Every structure is written in C-alpha cells, then in structure tokens.
>>> print(open('coords-v8.cif').read())   # mmCIF, C-alpha atoms
data_model
#
loop_
_atom_site.label_atom_id
_atom_site.label_comp_id
_atom_site.auth_asym_id
_atom_site.auth_seq_id
_atom_site.Cartn_x
_atom_site.Cartn_y
_atom_site.Cartn_z
CA MET A 154 186.69 115.88 11.12
CA SER A 155 184.77 112.82 9.99
CA ASP A 156 181.38 111.85 11.25
CA PRO A 157 181.75 108.96 13.79
CA SER A 158 178.34 107.63 12.87
CA ARG A 159 179.57 106.61 9.42
CA ARG A 160 181.60 103.43 9.50
CA SER A 161 183.61 101.92 6.68
CA GLY A 162 183.18 98.23 5.78
CA PRO A 163 181.06 95.88 3.77
CA VAL A 164 177.47 96.74 3.13
CA VAL A 165 174.91 93.96 3.46
CA ILE A 166 171.84 94.25 1.28
CA GLU A 167 168.99 92.02 2.31
CA TYR A 168 166.85 90.48 -0.45
CA GLU A 169 164.11 87.95 -0.63
CA ALA A 170 165.63 84.49 -1.08
CA HIS A 171 164.36 82.00 -3.70
CA ASP A 172 164.87 78.25 -3.60
CA ALA A 173 167.37 77.18 -6.26
CA PRO A 174 166.30 74.25 -8.45
CA SER A 175 167.78 70.88 -7.58
CA PRO A 176 169.74 68.92 -10.23
CA SER A 177 167.28 66.09 -9.73
CA GLU A 178 164.52 68.36 -11.01
CA ALA A 179 166.29 69.06 -14.30
CA PRO A 180 164.54 67.58 -17.36
CA PRO A 181 166.20 64.46 -18.76
CA VAL A 182 168.38 64.73 -21.82
CA PRO A 183 166.25 63.67 -24.77
CA GLU A 184 167.21 60.35 -26.27
CA ALA A 185 168.38 60.34 -29.84
CA GLU A 186 165.67 59.12 -32.17
CA LEU A 187 166.20 55.48 -33.01
CA PRO A 188 166.77 54.64 -36.67
CA GLN A 189 163.67 53.39 -38.39
CA GLY A 190 165.05 51.79 -41.55
CA ALA A 191 163.61 54.45 -43.83
CA ALA A 192 164.72 52.72 -47.03
CA MET A 193 163.01 49.42 -46.24
CA GLN A 194 159.93 51.20 -44.91
CA GLN A 195 159.58 52.99 -48.24
CA ILE A 196 159.93 49.70 -50.09
CA VAL A 197 157.18 48.17 -47.97
CA GLN A 198 154.96 51.16 -48.76
CA ILE A 199 155.69 50.77 -52.48
CA GLY A 200 154.95 47.06 -52.37
CA THR A 201 151.68 47.42 -50.51
CA ARG A 202 150.40 50.41 -52.44
CA ARG A 203 147.46 49.43 -54.63
CA PRO A 204 146.84 51.50 -57.73
CA SER A 205 143.35 52.89 -58.14
CA ARG A 206 140.99 51.54 -60.77
CA LEU A 207 141.23 54.81 -62.66
CA SER A 208 145.01 54.62 -62.84
CA LYS A 209 144.78 51.02 -64.05
CA TRP A 210 142.47 52.10 -66.87
CA PHE A 211 144.77 55.01 -67.67
CA TRP A 212 147.91 52.91 -68.03
CA SER A 213 146.09 50.12 -69.88
CA LEU A 214 144.60 52.51 -72.43
CA LEU A 215 147.88 54.39 -72.76
CA GLY A 216 149.74 51.14 -73.44
CA ALA A 217 147.13 50.05 -75.98
CA LEU A 218 147.23 53.42 -77.73
CA ILE A 219 151.03 53.48 -77.92
CA GLY A 220 151.08 49.93 -79.21
CA PHE A 221 148.49 50.73 -81.85
CA VAL A 222 150.35 53.86 -83.03
CA VAL A 223 153.68 52.03 -83.17
CA SER A 224 152.13 49.12 -85.08
CA VAL A 225 150.52 51.40 -87.68
CA ALA A 226 153.73 53.42 -88.06
CA ALA A 227 155.80 50.26 -88.49
CA TYR A 228 153.34 48.90 -91.07
CA ASP A 229 153.39 52.16 -93.05
CA PHE A 230 157.17 52.26 -92.89
CA VAL A 231 157.71 48.70 -94.06
CA SER A 232 155.04 48.81 -96.79
CA GLY A 233 156.32 52.14 -98.07
CA LEU A 234 159.89 50.87 -98.10
CA ILE A 235 158.89 47.72 -99.99
CA SER A 236 157.15 49.82 -102.66
CA ARG A 237 160.25 52.02 -103.07
CA ASN A 238 162.96 49.38 -102.72
CA PRO A 239 162.02 45.69 -102.43
CA TYR A 240 165.43 44.71 -101.05
CA LEU A 241 165.44 47.25 -98.22
CA GLY A 242 161.77 46.51 -97.60
CA GLY A 243 162.56 42.81 -97.25
CA ILE A 244 165.31 43.58 -94.73
CA ALA A 245 162.93 45.78 -92.73
CA LEU A 246 160.26 43.10 -92.84
CA GLY A 247 162.72 40.47 -91.62
CA LEU A 248 163.92 42.66 -88.74
CA THR A 249 160.33 43.35 -87.76
CA GLY A 250 159.56 39.64 -87.78
CA LEU A 251 162.62 38.90 -85.60
CA PHE A 252 161.56 41.61 -83.18
CA LEU A 253 158.09 40.11 -82.90
CA LEU A 254 159.63 36.68 -82.28
CA VAL A 255 161.71 38.12 -79.44
CA LEU A 256 158.59 39.70 -77.95
CA LEU A 257 156.81 36.37 -78.21
CA ALA A 258 159.74 34.62 -76.48
CA ILE A 259 159.66 37.18 -73.66
CA ALA A 260 155.92 36.70 -73.24
CA LEU A 261 156.38 32.91 -73.20
CA ARG A 262 159.11 33.21 -70.56
CA GLU A 263 156.86 35.34 -68.37
CA TRP A 264 154.01 32.85 -68.76
CA LEU A 265 156.30 29.95 -67.81
CA GLY A 266 157.47 31.92 -64.78
CA PHE A 267 153.91 32.39 -63.58
CA ALA A 268 153.24 28.69 -64.24
CA ARG A 269 156.20 27.65 -62.08
CA LEU A 270 155.02 29.88 -59.24
CA ARG A 271 151.52 28.40 -59.50
CA ARG A 272 153.01 24.91 -59.33
CA LEU A 273 154.79 25.74 -56.07
CA ASP A 274 151.59 27.20 -54.70
CA HIS A 275 149.67 24.05 -55.68
CA ILE A 276 152.21 21.81 -53.91
CA GLN A 277 152.01 24.01 -50.80
CA HIS A 278 148.24 23.71 -50.61
CA ALA A 279 148.37 19.95 -51.26
CA ALA A 280 150.96 19.44 -48.51
CA ALA A 281 148.97 21.58 -46.06
CA GLY A 282 145.82 19.57 -46.81
CA ALA A 283 147.62 16.25 -46.40
CA LEU A 284 149.06 17.35 -43.07
CA ALA A 285 145.79 18.76 -41.77
CA ASN A 286 143.80 15.67 -42.73
CA ALA A 287 146.55 13.13 -41.92
CA ASP A 288 146.07 11.80 -45.46
CA LEU A 289 148.87 9.35 -46.27
CA VAL A 290 147.81 8.97 -49.91
CA ALA A 291 147.87 12.73 -50.41
CA ALA A 292 151.30 12.88 -48.76
CA HIS A 293 152.64 10.31 -51.22
CA LYS A 294 151.21 12.39 -54.07
CA VAL A 295 153.07 15.41 -52.71
CA ALA A 296 156.26 13.34 -52.61
CA ALA A 297 155.72 12.38 -56.26
CA GLN A 298 155.24 16.04 -57.18
CA ILE A 299 158.45 16.95 -55.35
CA GLU A 300 160.35 14.23 -57.19
CA HIS A 301 159.02 15.48 -60.52
CA LEU A 302 159.85 19.09 -59.61
CA TYR A 303 163.48 18.39 -58.70
CA LYS A 304 164.31 15.43 -60.94
CA ASP A 305 166.68 17.55 -63.06
CA ARG A 306 168.61 18.96 -60.08
CA PRO A 307 171.88 16.98 -59.72
CA GLU A 308 172.57 18.36 -56.24
CA LEU A 309 169.30 16.80 -55.01
CA SER A 310 169.77 13.36 -56.58
CA TRP A 311 170.99 11.77 -53.32
CA GLY A 312 168.10 13.24 -51.33
CA LEU A 313 165.52 12.14 -53.90
CA ALA A 314 166.94 8.61 -53.95
CA ARG A 315 166.86 8.45 -50.16
CA LEU A 316 163.27 9.73 -50.16
CA ALA A 317 162.25 7.03 -52.64
CA GLU A 318 163.85 4.37 -50.42
CA ARG A 319 162.39 5.47 -47.12
CA GLN A 320 158.91 6.80 -47.83
CA GLY A 321 157.46 3.28 -48.16
CA GLU A 322 158.50 2.58 -44.56
CA VAL A 323 156.57 5.54 -43.14
CA MET A 324 152.93 4.99 -42.27
CA ASP A 325 151.74 8.54 -41.54
CA ALA A 326 151.43 11.71 -43.58
CA ASP A 327 153.54 13.96 -41.38
CA GLY A 328 156.34 11.39 -41.49
CA VAL A 329 156.38 11.41 -45.29
CA LEU A 330 156.37 15.20 -45.40
CA GLY A 331 159.12 15.24 -42.78
CA LEU A 332 161.26 13.01 -44.99
CA ILE A 333 160.80 15.46 -47.86
CA GLU A 334 161.96 18.32 -45.67
CA VAL A 335 164.99 16.53 -44.24
CA ASP A 336 166.20 14.67 -47.34
CA VAL A 337 165.29 17.04 -50.17
CA LEU A 338 164.63 20.56 -48.92
CA ALA A 339 167.46 20.87 -46.38
CA PRO A 340 170.17 21.88 -48.91
CA LEU A 341 167.75 24.28 -50.57
CA ASP A 342 167.03 25.91 -47.21
CA GLU A 343 170.75 26.44 -46.65
CA ALA A 344 171.18 28.00 -50.09
CA ALA A 345 168.21 30.30 -49.49
CA ARG A 346 169.59 31.37 -46.12
CA THR A 347 172.91 32.23 -47.77
CA GLU A 348 171.10 34.45 -50.25
CA ILE A 349 169.27 36.23 -47.43
CA GLU A 350 172.50 36.84 -45.53
CA SER A 351 174.18 38.22 -48.64
CA ALA A 352 171.31 40.61 -49.39
CA ALA A 353 171.11 41.82 -45.78
CA ARG A 354 174.86 42.47 -45.73
CA GLN A 355 174.71 44.36 -49.02
CA VAL A 356 171.82 46.59 -47.96
CA ALA A 357 173.41 47.34 -44.58
CA THR A 358 176.76 48.21 -46.19
CA VAL A 359 175.32 50.52 -48.84
CA THR A 360 173.10 52.31 -46.31
CA ALA A 361 175.97 52.84 -43.89
CA ILE A 362 178.64 53.92 -46.39
CA VAL A 363 176.99 55.61 -49.37
CA PRO A 364 175.80 59.13 -48.39
CA LEU A 365 173.91 59.85 -51.62
CA ALA A 366 170.20 60.64 -51.33
CA LEU A 367 167.90 57.74 -52.29
CA ALA A 368 170.94 55.50 -52.85
CA ASP A 369 169.88 53.32 -49.91
CA VAL A 370 166.34 53.02 -51.29
CA VAL A 371 167.57 52.01 -54.76
CA ALA A 372 170.11 49.58 -53.31
CA ALA A 373 167.56 48.04 -50.95
CA LEU A 374 164.93 47.65 -53.67
CA THR A 375 167.42 46.10 -56.10
CA ALA A 376 168.91 43.75 -53.51
CA ASN A 377 165.50 42.63 -52.24
CA MET A 378 164.15 42.01 -55.74
CA ARG A 379 167.24 39.98 -56.61
CA MET A 380 167.04 38.07 -53.33
CA VAL A 381 163.37 37.17 -53.75
CA ARG A 382 163.97 36.09 -57.34
CA ARG A 383 166.95 33.93 -56.33
CA ILE A 384 165.00 32.29 -53.50
CA ALA A 385 162.19 31.43 -55.91
CA ASP A 386 164.77 30.04 -58.33
CA ILE A 387 166.32 27.89 -55.59
CA TYR A 388 162.98 26.25 -54.81
CA GLY A 389 162.09 25.74 -58.47
CA GLY A 390 159.90 28.79 -59.05
CA ARG A 391 162.11 30.81 -61.37
CA ALA A 392 160.10 33.83 -62.49
CA GLY A 393 160.46 36.49 -65.14
CA THR A 394 160.40 40.24 -64.62
CA LEU A 395 156.64 40.53 -64.09
CA GLY A 396 156.56 37.36 -62.04
CA SER A 397 159.36 38.65 -59.79
CA TRP A 398 157.48 41.88 -59.14
CA ARG A 399 154.28 40.01 -58.37
CA LEU A 400 156.21 37.66 -56.09
CA MET A 401 157.74 40.64 -54.30
CA ARG A 402 154.28 42.09 -53.70
CA THR A 403 153.11 38.71 -52.39
CA VAL A 404 156.05 38.53 -49.98
CA ILE A 405 155.44 42.04 -48.66
CA ALA A 406 151.74 41.28 -48.28
CA HIS A 407 152.74 38.21 -46.25
CA LEU A 408 154.93 40.44 -44.06
CA VAL A 409 152.11 42.89 -43.48
CA ALA A 410 149.64 40.09 -42.74
CA THR A 411 151.94 38.56 -40.13
CA GLY A 412 152.87 41.92 -38.61
CA ALA A 413 156.59 41.42 -39.27
CA VAL A 414 157.36 44.88 -40.62
CA ALA A 415 157.39 46.71 -37.30
CA VAL A 416 160.73 48.13 -36.19
CA GLY A 417 160.19 48.66 -32.48
CA ASP A 418 160.56 45.14 -31.16
CA ASP A 419 163.23 43.00 -29.51
CA LEU A 420 165.02 42.21 -32.78
CA ILE A 421 166.16 45.70 -33.68
CA GLY A 422 167.21 46.98 -30.28
CA SER A 423 168.78 44.02 -28.55
CA VAL A 424 170.04 41.76 -31.33
CA ALA A 425 170.92 43.98 -34.24
CA GLY A 426 172.19 46.73 -31.97
CA GLY A 427 170.64 49.47 -34.07
CA GLY A 428 169.92 51.73 -31.11
CA ILE A 429 173.42 51.47 -29.64
CA LEU A 430 175.15 51.86 -32.98
CA SER A 431 173.06 54.88 -33.90
CA LYS A 432 174.60 56.77 -30.96
CA VAL A 433 177.95 56.44 -32.73
CA SER A 434 176.75 56.88 -36.30
CA ARG A 435 173.23 57.52 -37.48
CA ARG A 436 173.91 55.94 -40.88
CA PHE A 437 175.41 52.82 -39.32
CA GLY A 438 172.28 52.42 -37.23
CA GLU A 439 170.12 52.83 -40.33
CA GLY A 440 172.29 50.24 -42.08
CA VAL A 441 171.67 47.68 -39.34
CA ILE A 442 167.92 48.32 -39.38
CA ASN A 443 167.67 48.07 -43.17
CA GLY A 444 169.71 44.86 -43.08
CA ALA A 445 167.41 43.43 -40.41
CA LEU A 446 164.28 44.26 -42.37
CA THR A 447 165.87 42.78 -45.51
CA ALA A 448 166.41 39.56 -43.57
CA ARG A 449 162.73 39.59 -42.62
CA VAL A 450 161.75 40.00 -46.26
CA GLY A 451 164.01 37.06 -47.11
CA VAL A 452 162.46 34.79 -44.49
CA ALA A 453 158.99 35.73 -45.73
CA ALA A 454 160.08 34.96 -49.31
CA LEU A 455 161.38 31.61 -48.12
CA GLU A 456 158.01 30.80 -46.55
CA VAL A 457 156.16 31.87 -49.70
CA CYS A 458 158.39 29.99 -52.17
CA ARG A 459 159.11 26.80 -50.18
CA PRO A 460 157.01 23.86 -51.42
CA LEU A 461 156.33 22.70 -47.84
CA ALA A 462 155.79 24.64 -44.65
CA PHE A 463 158.33 24.17 -41.87
CA THR A 464 157.33 21.27 -39.66
CA ALA A 465 160.17 18.76 -39.33
CA ARG A 466 162.85 21.43 -39.73
CA LYS A 467 163.17 24.68 -37.85
CA LYS A 468 162.51 27.85 -39.79
CA PRO A 469 165.62 30.03 -40.14
CA SER A 470 165.72 32.63 -37.42
CA VAL A 471 165.86 36.26 -38.45
CA THR A 472 168.06 36.90 -35.42
CA GLY A 473 170.55 34.25 -36.47
CA ILE A 474 170.59 35.47 -40.06
CA ILE A 475 171.35 39.04 -38.98
CA GLN A 476 174.08 37.94 -36.60
CA ARG A 477 175.77 35.87 -39.30
CA ALA A 478 175.28 38.47 -42.02
CA LEU A 479 176.57 41.44 -40.03
CA THR A 480 179.32 39.73 -38.04
CA GLY A 481 182.53 41.60 -38.73
CA LEU A 482 180.73 44.35 -40.65
CA PHE A 483 179.87 46.68 -37.77
CA GLY A 484 181.57 44.79 -34.95
CA SER A 485 182.77 41.45 -33.76
CA ASN A 486 179.29 40.16 -33.00
CA GLY A 487 177.03 42.12 -35.27
CA SER A 488 176.78 45.17 -33.06
#
>>> encode(input="coords-v8.cif", output="structure tokens")
Amino acid sequence: MSDPSRRSGPVVIEYEAHDAPSPSEAPPVPEAELPQGAAMQQIVQIGTRRPSRLSKWFWSLLGALIGFVVSVAAYDFVSGLISRNPYLGGIALGLTGLFLLVLLAIALREWLGFARLRRLDHIQHAAAGALANADLVAAHKVAAQIEHLYKDRPELSWGLARLAERQGEVMDADGVLGLIEVDVLAPLDEAARTEIESAARQVATVTAIVPLALADVVAALTANMRMVRRIADIYGGRAGTLGSWRLMRTVIAHLVATGAVAVGDDLIGSVAGGGILSKVSRRFGEGVINGALTARVGVAALEVCRPLAFTARKKPSVTGIIQRALTGLFGSNGS
C-alpha cells in the first residue's frame, strides 16, 4: 500500500531569479569601415615624400659613376674596333654619335618643358599682382603675354580676336583679366574638365573591377600622371617626363597645403556615395573614393597650370565633376 504523504505531480524547484538583459541594452552592430581610397592615399604619400640628403647624394654619385663607366667602356670599344677594322669602327662611331644626339634632344625637350612651366608661373604671378594692385598697365601686359602664348592655337583665334577688340574699352584691371578668362580660357577650362572626368572614371573603373593587388595603385598613378600632363598641355605648359613628375609633386603639394586630401568630409559620403556603395561592394566603394580623389587632383592641377586664377569664371566643382564622371558607372546618378 502506497504512502499517502507522497503525491504524484510536477515538482517546482525554486531558484534565485536574475533580470534578463533588454534588447535595448544590446551593443550596436558595428558599422562597416568606410573605404578610404587606399590607392590615391598611397600616391599622395609618394608625391609628398621627400628623399633624404644622403639618398640624393647616393643616387647622384651612382648615376655619375655608371655614366663614367659606360663612357669609358664605349670609348675603349669604339677605339679598339677602329684599330682592328676601320669600317666597323666608323659604323660604331656613327651610331654612338647618333645616340648622343638623341640624348641631347631629350635633354633639350626636358629643358623646354621646364621653360614652358616657368612661363605659366610667371604669367600667374603677374596676373595676381595686377589684380591685387588694380594695375591696368600690368593687366594689359598680361593680356599681351596671353596672346603671345596662344597665338598658334587655331581653336582660340576667335577668343583672341575678341579680346583684342574689347580690352581697349575696359578701364580697370579686373575687367581686362575677366575678358581673358571669358574669351580665351573658357574653352581650355572645358577641355581640362573633360580630362579630369575621364581620369576619374578610369581610376574608379579599374579599382572596382580589377581584383589584382596593386593594380589600382598602378592605374591611379598612371592615370593621374597622364591627366596632369594633359592639363598642362591644354594650358600651354607641355612638359617632358621630368617636368611631368615635378608638376605632379607640385600639384600634390598644393593639395596638402589646401587640406584637400582628406576623405572624411561631405564630398565622399553624401555626393559620391562611397559609404552607401561600400555596403554592397567594398571594391565599388573604393572605386568611388579613388575617383573622387582623382578629381581633386585634377582640380588642383587646373589651378596650378591655369595662367590666371579663377575670378570672373567659377572654378569647376569637384562634386559636379564626380557626378558627371561616374553617372551611369555605378548608378543612375553617380551612386
């Protein structure tokens, strides 16, 4: 017979209760790191990096030593060949002379490139002085320099003729400089903006599509060098290889000086759409950022190479350039 004190049924075990955490107390989901435009940031670092004095001496002495060894070896080779066979020695001597002529032509081209860049710089300073001092005579001198600079450009013949007709009617310096901007420099500004848009589109496309390591850095460096060189050519400052590299360093220095190399501002997030696009594809976001920074480099190159600063005409907007360059590439409106 069973014990009546033992009852069947559920057993309740009492335990000390703990307050369960509320969903509102849960930590927020970390935001994905925004793209930083690594390729363009590396290019800026390369452009602003200054070699030490010791490295300059090293490369200078190494170049001098290699040149000396090559010269002595070439002399021994040609003189020895002439003593053995005058005909073959004459051919070797002629080829050596042609090679030296080519080197001289390259050096002359580089010197002319630097001279053209210095001429643009001189006109810039003269125009700035005429505007600051309200010097009408100096403004007319700047107009004469502009006419001499672009006299062989058929596409600017109408603007130069209109400038020659109207500048006598203007009685102040800023008016004369404004005529130069509107009549002569306007088509050059449009051509330069087209180059910037093309370079930004190319850099953004390569960064977004090509998955190879360092491919975006190489593409960005190549496209930016070509863009800066083309902008200088548009404004009459065509430079050689060394001149293009020096111009690129000048442009990047201008960017650093004006603080236009930062990524975390209104341009990247709201206009280019880099943050939104990076949630879909990290590489697409990087492409937008690199394209935006390329556009900034282009605008800086335009300011450095343009004979006159923007006063009568509005400087091209980086926002507008990016919107036009990337429209249809990552979306219907650049995002």
>>> closest_residue(input="coords-v8.cif", among="A:Ala226, A:Ala357, A:Ala453, A:Met401", to="A:Ala478", atoms="only C-alpha atoms")
A:Ala357
>>> closest_residue(input="coords-v8.cif", among="A:Ala314, A:Ala454, A:Ala392, A:Leu330", to="A:Asn377", atoms="all atoms listed in the file")
A:Ala454
>>> closest_residue(input="coords-v8.cif", among="A:Gly331, A:Gly451, A:Gly440, A:Gly233", to="A:Val404", atoms="only C-alpha atoms")
A:Gly451
>>> atom_distance(input="coords-v8.cif", atom1="atom CA of A:Ala279", atom2="atom CA of A:Glu456")
15.3 Å
>>> closest_residue(input="coords-v8.cif", among="A:Phe230, A:Phe252, A:Tyr388, A:Tyr240", to="A:Leu270", atoms="all atoms listed in the file")
A:Tyr388
>>> atom_distance(input="coords-v8.cif", atom1="atom CA of A:Ala353", atom2="atom CA of A:Glu308")
25.7 Å
>>> closest_residue(input="coords-v8.cif", among="A:Thr358, A:Ala445, A:Ala465, A:Gly393", to="A:Ala260", atoms="only C-alpha atoms")
A:Gly393
>>> closest_residue(input="coords-v8.cif", among="A:Asn443, A:Ser397, A:Thr464, A:Ser208", to="A:Thr360", atoms="all atoms listed in the file")
A:Asn443
>>> residues_around(input="coords-v8.cif", residues="A:Arg315", least_positions_apart="4", cutoff="8 Å", atoms="all atoms listed in the file", output="PDB file with C-alpha atoms, in the frame of the given file")
ATOM      1  CA  TRP A 311     170.990  11.770 -53.320  1.00  0.00           C
ATOM      2  CA  ARG A 319     162.390   5.470 -47.120  1.00  0.00           C
ATOM      3  CA  ASP A 336     166.200  14.670 -47.340  1.00  0.00           C
TER       4      ASP A 336
END
>>> resolve_selection(input="coords-v8.cif", expression="the PyMOL selection byres ((chain A and resi 466) around 12)", output="PyMOL selection string")
chain A and resi 330-340+342-343+461-465+467-470
>>> resolve_selection(input="coords-v8.cif", expression="the PyMOL selection byres ((chain A and resi 302) around 10)", output="list in words")
Arg269, Arg272, Leu273, Ile276, Ala296, Ala297, Gln298, Ile299, Glu300, His301, Tyr303, Lys304, Asp305, Arg306, Tyr388, Gly389, Gly390 and Pro460 of chain A
>>> write_last_selection(input="coords-v8.cif", atoms="C-alpha atoms", output="tab-separated table (two decimals), keeping the file's coordinate frame")
chain	number	residue	atom	x	y	z
A	269	ARG	CA	156.20	27.65	-62.08
A	272	ARG	CA	153.01	24.91	-59.33
A	273	LEU	CA	154.79	25.74	-56.07
A	276	ILE	CA	152.21	21.81	-53.91
A	296	ALA	CA	156.26	13.34	-52.61
A	297	ALA	CA	155.72	12.38	-56.26
A	298	GLN	CA	155.24	16.04	-57.18
A	299	ILE	CA	158.45	16.95	-55.35
A	300	GLU	CA	160.35	14.23	-57.19
A	301	HIS	CA	159.02	15.48	-60.52
A	303	TYR	CA	163.48	18.39	-58.70
A	304	LYS	CA	164.31	15.43	-60.94
A	305	ASP	CA	166.68	17.55	-63.06
A	306	ARG	CA	168.61	18.96	-60.08
A	388	TYR	CA	162.98	26.25	-54.81
A	389	GLY	CA	162.09	25.74	-58.47
A	390	GLY	CA	159.90	28.79	-59.05
A	460	PRO	CA	157.01	23.86	-51.42
>>> atom_distance(input="coords-v8.cif", atom1="atom CA of A:Gly473", atom2="atom CA of A:Gly328")
27.4 Å
>>> build_atoms(input="coords-v8.cif", residues="stretch 268-298 of chain A", atoms="N, CA and C atoms", output="short mmCIF file (atom, residue, chain, number, x, y, z; two decimals), in the coordinates of the input")
data_model
loop_
_atom_site.label_atom_id
_atom_site.label_comp_id
_atom_site.auth_asym_id
_atom_site.auth_seq_id
_atom_site.Cartn_x
_atom_site.Cartn_y
_atom_site.Cartn_z
N ALA A 268 153.64 30.09 -64.37
CA ALA A 268 153.24 28.69 -64.24
C ALA A 268 154.06 27.99 -63.17
N ARG A 269 155.37 28.26 -63.11
CA ARG A 269 156.20 27.65 -62.08
C ARG A 269 155.79 28.11 -60.68
N LEU A 270 155.47 29.38 -60.54
CA LEU A 270 155.02 29.88 -59.24
C LEU A 270 153.70 29.24 -58.83
N ARG A 271 152.80 29.06 -59.81
CA ARG A 271 151.52 28.40 -59.50
C ARG A 271 151.73 26.95 -59.10
N ARG A 272 152.73 26.30 -59.70
CA ARG A 272 153.01 24.91 -59.33
C ARG A 272 153.49 24.82 -57.89
N LEU A 273 154.37 25.73 -57.47
CA LEU A 273 154.79 25.74 -56.07
C LEU A 273 153.61 25.99 -55.14
N ASP A 274 152.76 26.90 -55.52
CA ASP A 274 151.59 27.20 -54.70
C ASP A 274 150.67 25.99 -54.60
N HIS A 275 150.51 25.26 -55.70
CA HIS A 275 149.67 24.05 -55.68
C HIS A 275 150.26 23.00 -54.75
N ILE A 276 151.58 22.80 -54.79
CA ILE A 276 152.21 21.81 -53.91
C ILE A 276 152.05 22.24 -52.44
N GLN A 277 152.19 23.52 -52.16
CA GLN A 277 152.01 24.01 -50.80
C GLN A 277 150.62 23.69 -50.26
N HIS A 278 149.61 23.97 -51.05
CA HIS A 278 148.24 23.71 -50.61
C HIS A 278 148.00 22.20 -50.45
N ALA A 279 148.54 21.40 -51.37
CA ALA A 279 148.37 19.95 -51.26
C ALA A 279 149.05 19.41 -50.01
N ALA A 280 150.25 19.90 -49.71
CA ALA A 280 150.96 19.44 -48.51
C ALA A 280 150.23 19.87 -47.25
N ALA A 281 149.72 21.11 -47.24
CA ALA A 281 148.97 21.58 -46.06
C ALA A 281 147.71 20.75 -45.85
N GLY A 282 147.01 20.40 -46.94
CA GLY A 282 145.82 19.57 -46.81
C GLY A 282 146.14 18.18 -46.33
N ALA A 283 147.23 17.60 -46.84
CA ALA A 283 147.62 16.25 -46.40
C ALA A 283 147.99 16.24 -44.93
N LEU A 284 148.67 17.29 -44.47
CA LEU A 284 149.06 17.35 -43.07
C LEU A 284 147.86 17.59 -42.17
N ALA A 285 146.95 18.46 -42.60
CA ALA A 285 145.79 18.76 -41.77
C ALA A 285 144.85 17.57 -41.65
N ASN A 286 144.72 16.81 -42.73
CA ASN A 286 143.80 15.67 -42.73
C ASN A 286 144.47 14.34 -42.43
N ALA A 287 145.79 14.37 -42.17
CA ALA A 287 146.55 13.13 -41.92
C ALA A 287 146.31 12.12 -43.04
N ASP A 288 146.35 12.61 -44.27
CA ASP A 288 146.07 11.80 -45.46
C ASP A 288 147.38 11.26 -46.02
N LEU A 289 147.63 9.96 -45.81
CA LEU A 289 148.87 9.35 -46.27
C LEU A 289 148.94 9.31 -47.79
N VAL A 290 147.82 9.02 -48.44
CA VAL A 290 147.81 8.97 -49.91
C VAL A 290 148.15 10.34 -50.50
N ALA A 291 147.57 11.38 -49.93
CA ALA A 291 147.87 12.73 -50.41
C ALA A 291 149.34 13.09 -50.16
N ALA A 292 149.89 12.62 -49.04
CA ALA A 292 151.30 12.88 -48.76
C ALA A 292 152.20 12.21 -49.78
N HIS A 293 151.85 10.99 -50.18
CA HIS A 293 152.64 10.31 -51.22
C HIS A 293 152.52 11.05 -52.56
N LYS A 294 151.36 11.61 -52.84
CA LYS A 294 151.21 12.39 -54.07
C LYS A 294 152.10 13.64 -54.03
N VAL A 295 152.19 14.25 -52.86
CA VAL A 295 153.07 15.41 -52.71
C VAL A 295 154.52 14.99 -52.93
N ALA A 296 154.90 13.84 -52.40
CA ALA A 296 156.26 13.34 -52.61
C ALA A 296 156.53 13.11 -54.10
N ALA A 297 155.55 12.58 -54.82
CA ALA A 297 155.72 12.38 -56.26
C ALA A 297 155.87 13.72 -56.99
N GLN A 298 155.11 14.72 -56.57
CA GLN A 298 155.24 16.04 -57.18
C GLN A 298 156.61 16.65 -56.90
#
